[in-house]
Amino acid sequence: MSPQQLSQSVRRVAIVGGARIPFARSDGLYATASNQQMLTAALDGLVERYGLQEPGAVGEFVAGAVLKHSRDFNLARETVLGSTLHPRTPAYDIQQACGTGLQAVIAAANKIALGQSESAVAGGADTASDAPLGVNDSLRRILLEARRAKSAGARLKALAKVRPGHLVPDIPRNAEPRTGLSMGEHAAVTARAWGIPREAQDELAATSHQRLAAAYERGLFQDLVVPFRGLARDQNLRPGSTVEKLASLKPVFGLGHPDPTMTAGNSTPLTDGAATVLLASEEWARERGLEPLAYLTAYETAAVDFVGGDVAGGEDGLLMAPAHAVPRMLERAGLGLDDFDLVEIHEAFASQVLATLAAWEKQGLGTVDRARLNVAGSSLATGHPFAATGARIVATLAKLLTERDAPARGLISVCAAGGQGVTAILERA
C-alpha cells in the first residue's frame, strides 16, 4: 500500500465512553483489592453501560499496570476472563509507567484507524497498597541453587547457607534506578530549576480539589464512575482545600536545599484504582446508536535524558518530556495552544505542571489560560493509580468536550517515570 493509499484509508477513531472506579488512597478501602479485581470492576461497568456482552462486541482489550505481581501475568486477558466481556475477546498487556493508560488508548486506536478492528477497550489499573515485595536477591540465588541441586544432600547444603538477613524482602522504592532519586526529589530539582514558587503550587492544588468537587456536584461523573467497595467518589478529594490550609503543610521533598516548596498537599498521593475507555470506528458507533463523545486525532511521545542531560537547567527534568512532545505534535497538526478549548495536564506534582507550562511559554507556544486547564480537577485531587490515569483523563476530557459547542478541541499531557511523556489531542466535530 502506498503512503497516499494508507493516508486515505485511515479512519477517525471515536471515544465512545469510559468507566472507572473511584480512586482510593493506598492502604485504605482497596487495600486487599488486586489489579485484576479493580480493572475487572471498571471493565464490567463499561460493558454494562454500553451493552458489550455479546460475542465480537469488542475487538480487543488493551490494558496494563505498573506495579505487577507475578500473578498479574497476562493481566488484560485474565481480566477479560473474569469480567462480563465475552471470553472470546482477545487482550494484551502494555506498560509505559504513568503513560500506560494513554498508550493503551493509542495502541487500540491505531488498529481501529487502520481498519484492523472496529472497537476496543483500553485502560489500566494500579494498587500501591498491594505492591509486590521481592525476595531478597541473595536468598533468591540460594533457592535457585537448591532447585538445581541433583541430590537431597546438595539441596540441604545449599539451603544451609540461608541466614536471618536473607529473609528481609526487597521493599519496592519509588526511585529511578539510574539516579536513586524518588520522583518527588526529581520534581524538586525541576521546581528549583524553573523557579516554581510554593504559593503557586498550593493554588494549583487547591483549585484541583475545588474543581473536582464541583464536577461531582454537577453530575459530570455520573456515567463515568462506578462505585466499588463502598466508595462512590475519589477518596483523596478534599472539597474544602484552600491555599491557606495547604500553606500549613511542611515540605517533604527537596529538604536538602534552602526553601523547599513541595509538600504532601501539592504532590499526588499513592493511590489505588482502575479506569477504562471504549473506542470505536464511526461505523461501529453508528450501528449501535451511540454518539461519540470526541475523536482521538493526534498523539506523540517523547523522552528526556534525565541522567546526563540538562537537568539543572530544567530542560531534561525527569517529568519534562511532555514539554518536548507537545511542540512536535502541535507542529505536525498545524495547531497552537490557543487552538485548544481545554488542556489536561496530569498533575503528578503541582510544580511539574507549572514547569511544563513555563517550558511551553519559553518555547514560544504561548500561555495556557488557567480557566481552560484541568477544569474538572486532576490527579492532585483524584489521586494517581499510575496505569489508570491516562484512561481517566481521556474519558473525562471527552465528556467535557461534549459540554462545549462543537467544534471543540482538547490537549492531553502525561509525564511518566523514566523521563518519558505521552500526549494526545481529542476533538469534537
# chains A, B, ... in the order shown; residues from 1 in each chain; ligands from 1
call {"tool": "closest_atom_pairs", "arguments": {"of": "segment 66-138 of chain A", "to": "segment 342-355 of chain A", "cutoff": "12 Å", "atoms": "only C-alpha atoms", "output": "Markdown table"}}
result
| residue | atom | partner | partner_atom | distance |
| --- | --- | --- | --- | --- |
| A:Cys98 | CA | A:Ala348 | CA | 9.2 |
| A:Gly99 | CA | A:His346 | CA | 9.8 |
| A:Gly101 | CA | A:His346 | CA | 11.9 |
| A:Leu102 | CA | A:His346 | CA | 11.1 |
call {"tool": "atom_distance", "arguments": {"atom1": "atom CA of Thr423 of chain A", "atom2": "atom CA of Ile112 of chain A"}}
result
18.8 Å
call {"tool": "residues_around", "arguments": {"residues": "Ala387 of chain A", "least_positions_apart": "4", "cutoff": "8 Å", "atoms": "only C-alpha atoms", "output": "PDB file with all heavy atoms, in the first residue's frame"}}
result
ATOM      1  N   GLY A  64      -2.899  -2.322  31.194  1.00  0.00           N
ATOM      2  CA  GLY A  64      -1.669  -2.657  31.889  1.00  0.00           C
ATOM      3  C   GLY A  64      -1.645  -2.138  33.302  1.00  0.00           C
ATOM      4  O   GLY A  64      -2.581  -1.479  33.767  1.00  0.00           O
ATOM      5  N   ALA A  65      -0.567  -2.456  33.985  1.00  0.00           N
ATOM      6  CA  ALA A  65      -0.312  -1.977  35.340  1.00  0.00           C
ATOM      7  C   ALA A  65       1.181  -1.732  35.472  1.00  0.00           C
ATOM      8  O   ALA A  65       1.987  -2.365  34.784  1.00  0.00           O
ATOM      9  CB  ALA A  65      -0.787  -2.986  36.379  1.00  0.00           C
ATOM     10  N   VAL A  66       1.546  -0.829  36.352  1.00  0.00           N
ATOM     11  CA  VAL A  66       2.954  -0.537  36.572  1.00  0.00           C
ATOM     12  C   VAL A  66       3.515  -1.424  37.672  1.00  0.00           C
ATOM     13  O   VAL A  66       4.566  -2.037  37.524  1.00  0.00           O
ATOM     14  CB  VAL A  66       3.157   0.955  36.921  1.00  0.00           C
ATOM     15  CG1 VAL A  66       4.628   1.247  37.233  1.00  0.00           C
ATOM     16  CG2 VAL A  66       2.680   1.833  35.766  1.00  0.00           C
ATOM     17  N   GLN A  95       2.748  -1.435  28.947  1.00  0.00           N
ATOM     18  CA  GLN A  95       3.241  -0.706  30.113  1.00  0.00           C
ATOM     19  C   GLN A  95       4.226   0.372  29.689  1.00  0.00           C
ATOM     20  O   GLN A  95       5.171   0.097  28.970  1.00  0.00           O
ATOM     21  CB  GLN A  95       3.936  -1.671  31.099  1.00  0.00           C
ATOM     22  CG  GLN A  95       3.983  -1.150  32.529  1.00  0.00           C
ATOM     23  CD  GLN A  95       5.344  -0.607  32.933  1.00  0.00           C
ATOM     24  OE1 GLN A  95       5.838   0.309  32.306  1.00  0.00           O
ATOM     25  NE2 GLN A  95       5.933  -1.160  33.970  1.00  0.00           N
ATOM     26  N   ALA A  97       5.028   3.039  32.309  1.00  0.00           N
ATOM     27  CA  ALA A  97       4.953   3.793  33.570  1.00  0.00           C
ATOM     28  C   ALA A  97       3.635   4.575  33.630  1.00  0.00           C
ATOM     29  O   ALA A  97       2.589   4.039  33.288  1.00  0.00           O
ATOM     30  CB  ALA A  97       6.179   4.699  33.713  1.00  0.00           C
ATOM     31  N   CYS A  98       3.684   5.835  34.029  1.00  0.00           N
ATOM     32  CA  CYS A  98       2.455   6.612  34.203  1.00  0.00           C
ATOM     33  C   CYS A  98       1.750   6.926  32.888  1.00  0.00           C
ATOM     34  O   CYS A  98       0.612   7.383  32.884  1.00  0.00           O
ATOM     35  CB  CYS A  98       2.757   7.921  34.933  1.00  0.00           C
ATOM     36  SG  CYS A  98       3.633   7.685  36.491  1.00  0.00           S
ATOM     37  N   GLY A  99       2.415   6.664  31.760  1.00  0.00           N
ATOM     38  CA  GLY A  99       1.790   6.859  30.461  1.00  0.00           C
ATOM     39  C   GLY A  99       1.040   5.632  29.965  1.00  0.00           C
ATOM     40  O   GLY A  99       0.487   5.650  28.857  1.00  0.00           O
ATOM     41  N   THR A 100       0.987   4.582  30.780  1.00  0.00           N
ATOM     42  CA  THR A 100       0.407   3.306  30.355  1.00  0.00           C
ATOM     43  C   THR A 100      -1.027   3.440  29.844  1.00  0.00           C
ATOM     44  O   THR A 100      -1.371   2.930  28.772  1.00  0.00           O
ATOM     45  CB  THR A 100       0.457   2.286  31.498  1.00  0.00           C
ATOM     46  OG1 THR A 100       1.818   2.045  31.874  1.00  0.00           O
ATOM     47  CG2 THR A 100      -0.194   0.971  31.100  1.00  0.00           C
ATOM     48  N   GLY A 101      -1.882   4.107  30.605  1.00  0.00           N
ATOM     49  CA  GLY A 101      -3.284   4.213  30.213  1.00  0.00           C
ATOM     50  C   GLY A 101      -3.474   4.917  28.890  1.00  0.00           C
ATOM     51  O   GLY A 101      -4.271   4.482  28.044  1.00  0.00           O
ATOM     52  N   GLY A 123      -7.263   0.631  28.889  1.00  0.00           N
ATOM     53  CA  GLY A 123      -7.283   1.111  30.265  1.00  0.00           C
ATOM     54  C   GLY A 123      -6.071   0.684  31.056  1.00  0.00           C
ATOM     55  O   GLY A 123      -5.025   0.313  30.511  1.00  0.00           O
ATOM     56  N   GLY A 124      -6.223   0.743  32.370  1.00  0.00           N
ATOM     57  CA  GLY A 124      -5.129   0.368  33.245  1.00  0.00           C
ATOM     58  C   GLY A 124      -5.564   0.369  34.689  1.00  0.00           C
ATOM     59  O   GLY A 124      -6.625   0.894  35.047  1.00  0.00           O
ATOM     60  N   ALA A 125      -4.749  -0.250  35.521  1.00  0.00           N
ATOM     61  CA  ALA A 125      -5.019  -0.325  36.960  1.00  0.00           C
ATOM     62  C   ALA A 125      -3.706  -0.331  37.708  1.00  0.00           C
ATOM     63  O   ALA A 125      -2.677  -0.755  37.181  1.00  0.00           O
ATOM     64  CB  ALA A 125      -5.817  -1.590  37.290  1.00  0.00           C
ATOM     65  N   ASP A 126      -3.740   0.144  38.926  1.00  0.00           N
ATOM     66  CA  ASP A 126      -2.571   0.036  39.798  1.00  0.00           C
ATOM     67  C   ASP A 126      -2.995   0.088  41.255  1.00  0.00           C
ATOM     68  O   ASP A 126      -3.941   0.798  41.610  1.00  0.00           O
ATOM     69  CB  ASP A 126      -1.560   1.151  39.530  1.00  0.00           C
ATOM     70  CG  ASP A 126      -0.376   0.666  38.709  1.00  0.00           C
ATOM     71  OD1 ASP A 126       0.297  -0.295  39.170  1.00  0.00           O
ATOM     72  OD2 ASP A 126      -0.137   1.201  37.629  1.00  0.00           O
ATOM     73  N   ALA A 274      -8.602   1.939  38.966  1.00  0.00           N
ATOM     74  CA  ALA A 274      -8.602   1.410  37.601  1.00  0.00           C
ATOM     75  C   ALA A 274      -9.539   2.238  36.742  1.00  0.00           C
ATOM     76  O   ALA A 274     -10.517   2.808  37.241  1.00  0.00           O
ATOM     77  CB  ALA A 274      -9.035  -0.061  37.587  1.00  0.00           C
TER      78      ALA A 274
END
call {"tool": "closest_residue", "arguments": {"among": "A:Gly377, A:Pro177, A:Gly59, A:Gly254", "to": "Thr207 of chain A", "atoms": "only C-alpha atoms"}}
result
A:Gly377
call {"tool": "select_by_dssp", "arguments": {"residues": "segment 29-216 of chain A", "states": "strand (DSSP E or B)", "output": "PyMOL selection string"}}
result
chain A and resi 60-64+91-93+96+98+119-127+134+170+175+182
call {"tool": "residues_around", "arguments": {"residues": "segment 315-326 of chain A", "least_positions_apart": "6", "cutoff": "10 Å", "atoms": "only C-alpha atoms", "output": "ChimeraX atom specification"}}
result
/A:176,183-191,193-194,299-309,332,336-337,345,348-349,352-353,355-361,363,365,411-425
call {"tool": "select_by_dssp", "arguments": {"residues": "segment 83-282 of chain A", "states": "alpha helix (DSSP H)", "output": "short mmCIF file (atom, residue, chain, number, x, y, z; two decimals) with N, CA, C and O atoms, in the first residue's frame"}}
result
data_model
loop_
_atom_site.label_atom_id
_atom_site.label_comp_id
_atom_site.auth_asym_id
_atom_site.auth_seq_id
_atom_site.Cartn_x
_atom_site.Cartn_y
_atom_site.Cartn_z
N THR A 100 0.99 4.58 30.78
CA THR A 100 0.41 3.31 30.35
C THR A 100 -1.03 3.44 29.84
O THR A 100 -1.37 2.93 28.77
N GLY A 101 -1.88 4.11 30.61
CA GLY A 101 -3.28 4.21 30.21
C GLY A 101 -3.47 4.92 28.89
O GLY A 101 -4.27 4.48 28.04
N LEU A 102 -2.72 6.00 28.67
CA LEU A 102 -2.84 6.73 27.41
C LEU A 102 -2.21 5.94 26.27
O LEU A 102 -2.73 5.93 25.15
N GLN A 103 -1.11 5.24 26.52
CA GLN A 103 -0.51 4.42 25.48
C GLN A 103 -1.43 3.26 25.11
O GLN A 103 -1.47 2.85 23.94
N ALA A 104 -2.18 2.73 26.06
CA ALA A 104 -3.15 1.68 25.75
C ALA A 104 -4.23 2.21 24.82
O ALA A 104 -4.65 1.53 23.87
N VAL A 105 -4.68 3.43 25.07
CA VAL A 105 -5.66 4.07 24.20
C VAL A 105 -5.09 4.23 22.79
O VAL A 105 -5.76 3.94 21.79
N ILE A 106 -3.85 4.69 22.70
CA ILE A 106 -3.21 4.89 21.41
C ILE A 106 -3.04 3.58 20.66
O ILE A 106 -3.30 3.49 19.45
N ALA A 107 -2.62 2.53 21.36
CA ALA A 107 -2.43 1.23 20.72
C ALA A 107 -3.74 0.70 20.15
O ALA A 107 -3.79 0.19 19.03
N ALA A 108 -4.81 0.83 20.93
CA ALA A 108 -6.12 0.37 20.45
C ALA A 108 -6.60 1.23 19.29
O ALA A 108 -7.16 0.72 18.31
N ALA A 109 -6.36 2.52 19.38
CA ALA A 109 -6.82 3.45 18.33
C ALA A 109 -6.13 3.18 17.00
O ALA A 109 -6.75 3.30 15.94
N ASN A 110 -4.86 2.83 17.05
CA ASN A 110 -4.13 2.59 15.80
C ASN A 110 -4.76 1.49 14.97
O ASN A 110 -4.87 1.59 13.74
N LYS A 111 -5.18 0.41 15.61
CA LYS A 111 -5.80 -0.70 14.87
C LYS A 111 -7.15 -0.28 14.30
O LYS A 111 -7.52 -0.67 13.19
N ILE A 112 -7.90 0.49 15.07
CA ILE A 112 -9.19 0.96 14.57
C ILE A 112 -8.98 1.89 13.38
O ILE A 112 -9.67 1.80 12.36
N ALA A 113 -8.00 2.78 13.49
CA ALA A 113 -7.73 3.74 12.42
C ALA A 113 -7.34 3.04 11.12
O ALA A 113 -7.68 3.50 10.04
N ASP A 137 17.64 -10.81 47.11
CA ASP A 137 18.32 -11.39 45.96
C ASP A 137 19.29 -12.49 46.36
O ASP A 137 19.46 -13.48 45.64
N SER A 138 19.92 -12.34 47.51
CA SER A 138 20.82 -13.40 47.98
C SER A 138 20.04 -14.68 48.26
O SER A 138 20.49 -15.78 47.94
N LEU A 139 18.86 -14.52 48.88
CA LEU A 139 18.02 -15.68 49.14
C LEU A 139 17.56 -16.31 47.83
O LEU A 139 17.52 -17.54 47.69
N ARG A 140 17.22 -15.47 46.86
CA ARG A 140 16.78 -15.98 45.56
C ARG A 140 17.85 -16.86 44.93
O ARG A 140 17.57 -17.93 44.38
N ARG A 141 19.11 -16.43 45.02
CA ARG A 141 20.19 -17.20 44.43
C ARG A 141 20.38 -18.54 45.14
O ARG A 141 20.66 -19.56 44.51
N ILE A 142 20.20 -18.51 46.46
CA ILE A 142 20.32 -19.76 47.22
C ILE A 142 19.20 -20.73 46.84
O ILE A 142 19.43 -21.93 46.65
N LEU A 143 17.99 -20.21 46.70
CA LEU A 143 16.86 -21.06 46.34
C LEU A 143 17.03 -21.64 44.93
O LEU A 143 16.67 -22.79 44.68
N LEU A 144 17.57 -20.84 44.04
CA LEU A 144 17.82 -21.35 42.69
C LEU A 144 18.90 -22.43 42.71
O LEU A 144 18.82 -23.43 41.98
N GLU A 145 19.91 -22.23 43.55
CA GLU A 145 20.96 -23.25 43.68
C GLU A 145 20.37 -24.55 44.22
O GLU A 145 20.71 -25.65 43.74
N ALA A 146 19.48 -24.43 45.20
CA ALA A 146 18.83 -25.62 45.76
C ALA A 146 17.96 -26.31 44.72
O ALA A 146 17.90 -27.54 44.66
N ARG A 147 17.29 -25.53 43.89
CA ARG A 147 16.45 -26.12 42.85
C ARG A 147 17.28 -26.88 41.82
O ARG A 147 16.85 -27.92 41.30
N ARG A 148 18.47 -26.39 41.55
CA ARG A 148 19.32 -27.04 40.56
C ARG A 148 20.08 -28.24 41.10
O ARG A 148 20.68 -29.01 40.35
N ALA A 152 19.50 -34.80 47.37
CA ALA A 152 18.96 -34.22 48.59
C ALA A 152 20.06 -33.59 49.43
O ALA A 152 19.89 -32.54 50.04
N GLY A 153 21.23 -34.21 49.44
CA GLY A 153 22.34 -33.67 50.21
C GLY A 153 22.79 -32.33 49.69
O GLY A 153 23.05 -31.39 50.45
N ALA A 154 22.90 -32.23 48.36
CA ALA A 154 23.32 -30.97 47.75
C ALA A 154 22.27 -29.89 47.99
O ALA A 154 22.60 -28.71 48.18
N ARG A 155 21.01 -30.31 47.98
CA ARG A 155 19.93 -29.35 48.21
C ARG A 155 20.00 -28.79 49.64
O ARG A 155 19.87 -27.59 49.87
N LEU A 156 20.23 -29.69 50.62
CA LEU A 156 20.34 -29.26 52.01
C LEU A 156 21.57 -28.38 52.22
O LEU A 156 21.54 -27.42 52.99
N LYS A 157 22.65 -28.70 51.51
CA LYS A 157 23.86 -27.90 51.63
C LYS A 157 23.61 -26.47 51.16
O LYS A 157 24.09 -25.50 51.77
N ALA A 158 22.87 -26.35 50.09
CA ALA A 158 22.55 -25.02 49.58
C ALA A 158 21.66 -24.26 50.55
O ALA A 158 21.90 -23.09 50.86
N LEU A 159 20.62 -24.93 51.05
CA LEU A 159 19.68 -24.27 51.96
C LEU A 159 20.33 -23.90 53.28
O LEU A 159 19.86 -22.98 53.97
N MET A 183 10.75 10.12 42.51
CA MET A 183 10.12 11.03 41.57
C MET A 183 9.93 12.40 42.20
O MET A 183 10.11 13.44 41.54
N GLY A 184 9.59 12.43 43.49
CA GLY A 184 9.42 13.70 44.18
C GLY A 184 10.70 14.49 44.26
O GLY A 184 10.70 15.73 44.09
N GLU A 185 11.82 13.80 44.52
CA GLU A 185 13.11 14.50 44.58
C GLU A 185 13.51 15.03 43.21
O GLU A 185 14.07 16.12 43.08
N HIS A 186 13.22 14.26 42.17
CA HIS A 186 13.48 14.74 40.82
C HIS A 186 12.63 15.98 40.52
O HIS A 186 13.10 16.95 39.92
N ALA A 187 11.36 15.94 40.92
CA ALA A 187 10.47 17.07 40.69
C ALA A 187 10.96 18.31 41.45
O ALA A 187 10.80 19.44 40.98
N ALA A 188 11.55 18.08 42.62
CA ALA A 188 12.06 19.21 43.41
C ALA A 188 13.23 19.88 42.68
O ALA A 188 13.37 21.11 42.71
N VAL A 189 14.06 19.08 42.02
CA VAL A 189 15.16 19.64 41.22
C VAL A 189 14.60 20.52 40.11
O VAL A 189 15.07 21.63 39.86
N THR A 190 13.56 20.02 39.43
CA THR A 190 12.95 20.77 38.34
C THR A 190 12.28 22.04 38.86
O THR A 190 12.34 23.09 38.21
N ALA A 191 11.64 21.94 40.01
CA ALA A 191 10.97 23.11 40.59
C ALA A 191 11.98 24.22 40.86
O ALA A 191 11.71 25.40 40.61
N ARG A 192 13.15 23.84 41.36
CA ARG A 192 14.19 24.84 41.61
C ARG A 192 14.71 25.41 40.29
O ARG A 192 14.94 26.62 40.17
N ALA A 193 14.88 24.55 39.30
CA ALA A 193 15.43 25.00 38.02
C ALA A 193 14.50 26.02 37.36
O ALA A 193 14.98 26.99 36.73
N TRP A 194 13.21 25.83 37.49
CA TRP A 194 12.25 26.74 36.85
C TRP A 194 11.75 27.83 37.81
O TRP A 194 10.93 28.66 37.41
N ARG A 198 6.20 28.25 46.00
CA ARG A 198 5.32 27.42 46.83
C ARG A 198 3.86 27.85 46.69
O ARG A 198 2.96 27.00 46.54
N GLU A 199 3.59 29.14 46.75
CA GLU A 199 2.20 29.60 46.72
C GLU A 199 1.50 29.20 45.42
O GLU A 199 0.32 28.83 45.44
N ALA A 200 2.22 29.25 44.30
CA ALA A 200 1.62 28.87 43.02
C ALA A 200 1.28 27.38 43.01
O ALA A 200 0.26 26.98 42.44
N GLN A 201 2.12 26.58 43.64
CA GLN A 201 1.84 25.15 43.72
C GLN A 201 0.60 24.88 44.57
O GLN A 201 -0.26 24.07 44.21
N ASP A 202 0.53 25.54 45.70
CA ASP A 202 -0.62 25.35 46.59
C ASP A 202 -1.91 25.84 45.94
O ASP A 202 -2.98 25.23 46.10
N GLU A 203 -1.82 26.90 45.18
CA GLU A 203 -3.00 27.43 44.50
C GLU A 203 -3.51 26.43 43.46
O GLU A 203 -4.71 26.18 43.34
N LEU A 204 -2.57 25.82 42.72
CA LEU A 204 -2.97 24.85 41.71
C LEU A 204 -3.61 23.63 42.38
O LEU A 204 -4.61 23.09 41.89
N ALA A 205 -3.04 23.19 43.50
CA ALA A 205 -3.57 22.02 44.20
C ALA A 205 -4.96 22.30 44.76
O ALA A 205 -5.88 21.48 44.63
N ALA A 206 -5.14 23.44 45.39
CA ALA A 206 -6.45 23.79 45.94
C ALA A 206 -7.49 23.88 44.84
O ALA A 206 -8.63 23.39 44.98
N THR A 207 -7.12 24.47 43.71
CA THR A 207 -8.04 24.59 42.58
C THR A 207 -8.45 23.22 42.05
O THR A 207 -9.61 22.99 41.69
N SER A 208 -7.49 22.29 42.03
CA SER A 208 -7.79 20.94 41.54
C SER A 208 -8.87 20.29 42.40
O SER A 208 -9.83 19.70 41.87
N HIS A 209 -8.75 20.38 43.72
CA HIS A 209 -9.75 19.81 44.61
C HIS A 209 -11.10 20.51 44.45
O HIS A 209 -12.15 19.86 44.39
N GLN A 210 -11.08 21.82 44.38
CA GLN A 210 -12.34 22.57 44.27
C GLN A 210 -13.07 22.25 42.98
O GLN A 210 -14.28 22.10 42.95
N ARG A 211 -12.30 22.13 41.88
CA ARG A 211 -12.93 21.85 40.60
C ARG A 211 -13.44 20.41 40.51
O ARG A 211 -14.49 20.16 39.90
N LEU A 212 -12.71 19.46 41.10
CA LEU A 212 -13.19 18.08 41.10
C LEU A 212 -14.48 17.98 41.90
O LEU A 212 -15.43 17.31 41.49
N ALA A 213 -14.53 18.65 43.05
CA ALA A 213 -15.74 18.63 43.87
C ALA A 213 -16.92 19.21 43.11
O ALA A 213 -18.03 18.65 43.13
N ALA A 214 -16.69 20.32 42.41
CA ALA A 214 -17.76 20.95 41.64
C ALA A 214 -18.22 20.04 40.50
O ALA A 214 -19.42 19.97 40.18
N ALA A 215 -17.28 19.32 39.89
CA ALA A 215 -17.62 18.41 38.79
C ALA A 215 -18.51 17.28 39.29
O ALA A 215 -19.46 16.87 38.62
N TYR A 216 -18.20 16.75 40.46
CA TYR A 216 -19.05 15.71 41.05
C TYR A 216 -20.44 16.27 41.34
O TYR A 216 -21.45 15.62 41.08
N GLU A 217 -20.49 17.47 41.88
CA GLU A 217 -21.78 18.05 42.27
C GLU A 217 -22.68 18.30 41.06
O GLU A 217 -23.90 18.15 41.15
N VAL A 243 -5.71 27.53 49.69
CA VAL A 243 -4.29 27.86 49.71
C VAL A 243 -3.81 28.03 51.14
O VAL A 243 -2.71 27.60 51.50
N GLU A 244 -4.65 28.61 51.97
CA GLU A 244 -4.26 28.84 53.37
C GLU A 244 -4.04 27.53 54.11
O GLU A 244 -3.08 27.39 54.87
N LYS A 245 -4.93 26.57 53.90
CA LYS A 245 -4.78 25.27 54.57
C LYS A 245 -3.53 24.54 54.06
O LYS A 245 -2.78 23.95 54.84
N LEU A 246 -3.33 24.57 52.76
CA LEU A 246 -2.17 23.89 52.19
C LEU A 246 -0.86 24.54 52.61
O LEU A 246 0.17 23.87 52.72
N GLU A 282 -16.38 5.09 13.52
CA GLU A 282 -17.66 5.80 13.43
C GLU A 282 -18.78 4.87 13.00
O GLU A 282 -19.92 4.97 13.48
#
call {"tool": "residues_around", "arguments": {"residues": "Asp339 of chain A", "least_positions_apart": "4", "cutoff": "10 Å", "atoms": "only C-alpha atoms", "output": "VMD selection string"}}
result
chain A and resid 330 334 to 335 408 to 411
call {"tool": "atom_distance", "arguments": {"atom1": "atom CA of Leu181 of chain A", "atom2": "atom CA of Thr127 of chain A"}}
result
21.4 Å
call {"tool": "residues_around", "arguments": {"residues": "segment 47-55 of chain A", "least_positions_apart": "3", "cutoff": "10 Å", "atoms": "only C-alpha atoms", "output": "compact mmCIF listing (two decimals) with N, CA and C atoms, in the first residue's frame"}}
result
# COMPACT_ATOMS: atom_id res chain seq x y z
N VAL A 16 -16.03 6.69 22.65
CA VAL A 16 -17.46 6.48 22.87
C VAL A 16 -17.85 6.70 24.33
N GLY A 17 -17.00 6.31 25.24
CA GLY A 17 -17.32 6.47 26.66
C GLY A 17 -16.22 5.91 27.53
N GLY A 18 -16.42 6.00 28.82
CA GLY A 18 -15.43 5.48 29.76
C GLY A 18 -16.08 5.03 31.05
N ALA A 19 -15.36 4.26 31.81
CA ALA A 19 -15.83 3.83 33.13
C ALA A 19 -14.62 3.58 34.01
N ALA A 41 -13.70 -4.58 37.73
CA ALA A 41 -14.84 -3.76 38.15
C ALA A 41 -15.05 -2.60 37.18
N ALA A 42 -13.96 -1.95 36.77
CA ALA A 42 -14.08 -0.85 35.82
C ALA A 42 -14.57 -1.35 34.47
N LEU A 43 -14.04 -2.48 34.02
CA LEU A 43 -14.45 -3.04 32.73
C LEU A 43 -15.91 -3.47 32.76
N ASP A 44 -16.34 -4.11 33.83
CA ASP A 44 -17.74 -4.52 33.94
C ASP A 44 -18.68 -3.32 33.89
N VAL A 58 -16.55 -6.32 21.23
CA VAL A 58 -15.30 -5.59 21.39
C VAL A 58 -14.19 -6.34 20.67
N GLY A 59 -13.44 -5.63 19.84
CA GLY A 59 -12.38 -6.28 19.07
C GLY A 59 -11.25 -6.79 19.93
N SER A 83 -14.47 -11.08 33.68
CA SER A 83 -15.45 -10.00 33.53
C SER A 83 -16.67 -10.48 32.77
N THR A 84 -17.59 -9.54 32.51
CA THR A 84 -18.78 -9.85 31.72
C THR A 84 -18.55 -9.65 30.23
N LEU A 85 -17.35 -9.20 29.86
CA LEU A 85 -17.00 -9.13 28.45
C LEU A 85 -16.88 -10.56 27.93
N HIS A 86 -17.22 -10.78 26.67
CA HIS A 86 -17.23 -12.15 26.15
C HIS A 86 -15.83 -12.77 26.22
N PRO A 87 -15.73 -14.03 26.67
CA PRO A 87 -14.41 -14.66 26.84
C PRO A 87 -13.62 -14.84 25.54
N ARG A 88 -14.25 -14.71 24.39
CA ARG A 88 -13.53 -14.82 23.13
C ARG A 88 -12.86 -13.49 22.72
N THR A 89 -12.94 -12.49 23.61
CA THR A 89 -12.30 -11.20 23.33
C THR A 89 -10.80 -11.28 23.58
N VAL A 121 -11.43 -1.73 23.93
CA VAL A 121 -11.43 -1.10 25.25
C VAL A 121 -9.98 -1.00 25.70
N ASP A 223 -21.93 9.09 34.62
CA ASP A 223 -21.81 7.95 33.72
C ASP A 223 -20.35 7.60 33.43
N LEU A 224 -19.44 8.05 34.29
CA LEU A 224 -18.03 7.73 34.13
C LEU A 224 -17.46 6.94 35.31
N LEU A 278 -13.82 3.19 26.04
CA LEU A 278 -14.34 2.49 24.87
C LEU A 278 -14.06 3.32 23.62
N ARG A 288 -24.70 1.04 16.45
CA ARG A 288 -25.23 0.79 17.79
C ARG A 288 -26.01 1.98 18.35
N LEU A 290 -24.84 4.92 19.07
CA LEU A 290 -24.05 5.62 20.08
C LEU A 290 -23.41 6.86 19.49
call {"tool": "atom_distance", "arguments": {"atom1": "atom CA of Val225 of chain A", "atom2": "atom CA of Leu67 of chain A"}}
result
22.7 Å
call {"tool": "residues_around", "arguments": {"residues": "segment 75-82 of chain A", "least_positions_apart": "3", "cutoff": "7 Å", "atoms": "only C-alpha atoms", "output": "JSON, numbers by chain"}}
result
{"A": [36, 39, 40, 61, 62, 63, 64, 72, 85, 87, 90, 91, 92, 93]}
call {"tool": "closest_residue", "arguments": {"among": "A:Gln116, A:Thr297, A:Thr268, A:Asn136", "to": "Pro385 of chain A", "atoms": "only C-alpha atoms"}}
result
A:Thr268
call {"tool": "closest_residue", "arguments": {"among": "A:Leu114, A:Ala381, A:Ala429, A:Leu231", "to": "Thr402 of chain A", "atoms": "only C-alpha atoms"}}
result
A:Ala429
call {"tool": "closest_residue", "arguments": {"among": "A:Leu270, A:Pro260, A:Leu46, A:Lys399", "to": "Phe386 of chain A", "atoms": "only C-alpha atoms"}}
result
A:Leu270
call {"tool": "closest_residue", "arguments": {"among": "A:Gly165, A:Gly273, A:Pro251, A:Pro227", "to": "Ala388 of chain A", "atoms": "only C-alpha atoms"}}
result
A:Gly273
